[in-house]
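File shown: structure_31.pdb (PDB, C-alpha atoms).
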MODEL        1
ATOM      1  CA  MET A  75      19.585  -0.933   1.434
ATOM      2  CA  LYS A  76      18.561   2.045  -0.700
ATOM      3  CA  ILE A  77      15.216   1.961  -2.444
ATOM      4  CA  ASP A  78      15.075   3.240  -5.991
ATOM      5  CA  PRO A  79      13.086   6.509  -6.046
ATOM      6  CA  SER A  80      10.997   5.239  -8.957
ATOM      7  CA  VAL A  81       9.813   2.332  -6.776
ATOM      8  CA  LYS A  82       8.770   4.805  -4.063
ATOM      9  CA  MET A  83       6.896   6.968  -6.556
ATOM     10  CA  ASN A  84       5.181   3.905  -8.043
ATOM     11  CA  LEU A  85       4.055   2.885  -4.569
ATOM     12  CA  ILE A  86       2.810   6.393  -3.752
ATOM     13  CA  ASN A  87       0.920   6.519  -7.049
ATOM     14  CA  GLN A  88      -0.712   3.178  -6.270
ATOM     15  CA  MET A  89      -1.778   4.349  -2.818
ATOM     16  CA  SER A  90      -2.963   7.854  -3.712
ATOM     17  CA  PRO A  91      -6.440   8.380  -5.127
ATOM     18  CA  LYS A  92      -6.470   8.912  -8.856
ATOM     19  CA  LYS A  93      -8.263  11.886 -10.371
ATOM     20  CA  GLU A  94     -10.582   9.587 -12.287
ATOM     21  CA  ASN A  95     -11.701   8.050  -8.981
ATOM     22  CA  ILE A  96     -12.492  11.473  -7.579
ATOM     23  CA  GLN A  97     -14.325  12.549 -10.719
ATOM     24  CA  ASN A  98     -16.466   9.401 -10.683
ATOM     25  CA  ASP A  99     -17.785  10.427  -7.245
ATOM     26  CA  LYS A 100     -16.804   7.145  -5.639
ATOM     27  CA  ALA A 101     -17.498   6.895  -1.958
ATOM     28  CA  PHE A 102     -14.583   7.175   0.439
ATOM     29  CA  GLY A 103     -15.163   3.592   1.523
ATOM     30  CA  ASP A 104     -14.960   2.338  -2.056
ATOM     31  CA  VAL A 105     -11.681   4.149  -2.704
ATOM     32  CA  LEU A 106     -10.303   2.879   0.588
ATOM     33  CA  LYS A 107     -11.345  -0.673  -0.279
ATOM     34  CA  GLU A 108      -9.623  -0.454  -3.679
ATOM     35  CA  LYS A 109      -6.397   0.785  -2.108
ATOM     36  CA  LEU A 110      -6.461  -1.926   0.544
ATOM     37  CA  GLU A 111      -6.928  -4.514  -2.189
ATOM     38  CA  GLY A 112      -3.866  -3.037  -3.909
ATOM     39  CA  VAL A 113      -1.839  -3.395  -0.705
ATOM     40  CA  ASN A 114      -3.073  -6.971  -0.365
ATOM     41  CA  LYS A 115      -1.987  -7.727  -3.939
ATOM     42  CA  LEU A 116       1.496  -6.386  -3.161
ATOM     43  CA  GLN A 117       1.651  -8.617  -0.076
ATOM     44  CA  ILE A 118       0.585 -11.658  -2.108
ATOM     45  CA  LYS A 119       3.124 -10.818  -4.821
ATOM     46  CA  ALA A 120       5.898 -10.554  -2.208
ATOM     47  CA  ASP A 121       4.880 -13.849  -0.599
ATOM     48  CA  LYS A 122       4.896 -15.585  -3.976
ATOM     49  CA  ALA A 123       8.302 -14.099  -4.823
ATOM     50  CA  ASN A 124       9.693 -15.319  -1.492
ATOM     51  CA  ARG A 125       8.219 -18.780  -2.032
ATOM     52  CA  ASP A 126       9.688 -18.918  -5.526
ATOM     53  CA  LEU A 127      13.104 -17.948  -4.181
ATOM     54  CA  ILE A 128      12.967 -20.594  -1.457
ATOM     55  CA  THR A 129      11.896 -23.329  -3.866
ATOM     56  CA  GLY A 130      14.517 -22.305  -6.405
ATOM     57  CA  GLU A 131      12.078 -21.173  -9.083
ATOM     58  CA  ALA A 132      13.301 -17.572  -8.868
ATOM     59  CA  GLN A 133      16.976 -16.873  -9.440
ATOM     60  CA  ASP A 134      16.905 -13.079  -9.145
ATOM     61  CA  ILE A 135      17.093 -12.112  -5.475
ATOM     62  CA  HIS A 136      16.863  -8.421  -6.371
ATOM     63  CA  SER A 137      13.326  -8.677  -7.723
ATOM     64  CA  VAL A 138      12.316 -10.646  -4.626
ATOM     65  CA  MET A 139      13.776  -7.977  -2.358
ATOM     66  CA  ILE A 140      12.082  -5.200  -4.335
ATOM     67  CA  ALA A 141       8.698  -6.940  -4.152
ATOM     68  CA  THR A 142       9.154  -7.493  -0.413
ATOM     69  CA  GLU A 143      10.173  -3.881   0.184
ATOM     70  CA  GLU A 144       7.227  -2.570  -1.865
ATOM     71  CA  ALA A 145       4.854  -4.679   0.220
ATOM     72  CA  LYS A 146       6.495  -3.506   3.436
ATOM     73  CA  LEU A 147       6.276   0.159   2.460
ATOM     74  CA  ALA A 148       2.669  -0.207   1.344
ATOM     75  CA  LEU A 149       1.752  -1.803   4.664
ATOM     76  CA  GLU A 150       3.584   0.895   6.631
ATOM     77  CA  MET A 151       1.789   3.589   4.652
ATOM     78  CA  THR A 152      -1.543   1.851   5.234
ATOM     79  CA  VAL A 153      -0.911   1.759   8.977
ATOM     80  CA  GLN A 154      -0.044   5.471   8.958
ATOM     81  CA  VAL A 155      -3.228   6.303   7.037
ATOM     82  CA  ARG A 156      -5.223   4.217   9.513
ATOM     83  CA  ASN A 157      -3.601   6.057  12.412
ATOM     84  CA  LYS A 158      -4.485   9.422  10.861
ATOM     85  CA  VAL A 159      -8.088   8.352  10.270
ATOM     86  CA  ILE A 160      -8.423   7.180  13.880
ATOM     87  CA  GLU A 161      -6.834  10.424  15.082
ATOM     88  CA  ALA A 162      -9.302  12.468  13.009
ATOM     89  CA  TYR A 163     -12.237  10.386  14.263
ATOM     90  CA  LYS A 164     -11.187  10.956  17.879
ATOM     91  CA  GLU A 165     -10.781  14.673  17.231
ATOM     92  CA  ILE A 166     -14.290  14.863  15.749
ATOM     93  CA  ASN A 167     -15.689  13.019  18.776
ATOM     94  CA  ARG A 168     -14.057  15.548  21.098
ATOM     95  CA  MET A 169     -15.736  18.488  19.357
ATOM     96  CA  GLN A 170     -18.509  20.114  21.310
ATOM     97  CA  ILE A 171     -21.752  20.785  19.547
TER
ENDMDL
END
What's the structure tokens form of this structure?
Amino acid sequence: MKIDPSVKMNLINQMSPKKENIQNDKAFGDVLKEKLEGVNKLQIKADKANRDLITGEAQDIHSVMIATEEAKLALEMTVQVRNKVIEAYKEINRMQI
């Protein structure tokens, strides 16, 4: 199944820090928390879409599949970011002072 490039860009835009966040001097933890909440919202939206499809409330399987794929990609990206953060933390711990 091919994913529409606009869906990918929308997901990347949701995950990447916005310039206004950087200019407001938000802490890294706050930005990270906001992005994780966004991923959680995508997961909830996908779960609701799947439930609606199963119960017959939703007739459009395409929107359900798109919501599910967005949630999947967001989670995969979150895991990759987590892996990079852990990698960087380990690298910093290995540095000699």
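Minimum atom-to-atom distances from A:Thr129, A:Glu108, A:Gln117, A:Ala101 to Leu147 in chain A were compared using all atoms listed in the file, and the lowest value belongs to A:Gln117.
Going from CA of Ile135 in chain A to CA of Leu116 in chain A covers 16.8 Å.
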Report as an mmCIF file with C-alpha atoms, in the coordinates of the input the full result of the PyMOL selection byres ((chain A and resi 154-167) around 12) when it is applied to this structure.
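Once written, result26.cif looks like this:
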data_model
loop_
_atom_site.group_PDB
_atom_site.id
_atom_site.type_symbol
_atom_site.label_atom_id
_atom_site.label_comp_id
_atom_site.auth_asym_id
_atom_site.auth_seq_id
_atom_site.Cartn_x
_atom_site.Cartn_y
_atom_site.Cartn_z
ATOM 1 C CA MET A 89 -1.778 4.349 -2.818
ATOM 2 C CA SER A 90 -2.963 7.854 -3.712
ATOM 3 C CA PHE A 102 -14.583 7.175 0.439
ATOM 4 C CA LEU A 106 -10.303 2.879 0.588
ATOM 5 C CA LYS A 109 -6.397 0.785 -2.108
ATOM 6 C CA LEU A 110 -6.461 -1.926 0.544
ATOM 7 C CA LEU A 147 6.276 0.159 2.460
ATOM 8 C CA ALA A 148 2.669 -0.207 1.344
ATOM 9 C CA LEU A 149 1.752 -1.803 4.664
ATOM 10 C CA GLU A 150 3.584 0.895 6.631
ATOM 11 C CA MET A 151 1.789 3.589 4.652
ATOM 12 C CA THR A 152 -1.543 1.851 5.234
ATOM 13 C CA VAL A 153 -0.911 1.759 8.977
ATOM 14 C CA ARG A 168 -14.057 15.548 21.098
ATOM 15 C CA MET A 169 -15.736 18.488 19.357
ATOM 16 C CA GLN A 170 -18.509 20.114 21.310
ATOM 17 C CA ILE A 171 -21.752 20.785 19.547
#
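Separating CA of Gly103 in chain A from CA of Lys119 in chain A is a distance of 24.1 Å.
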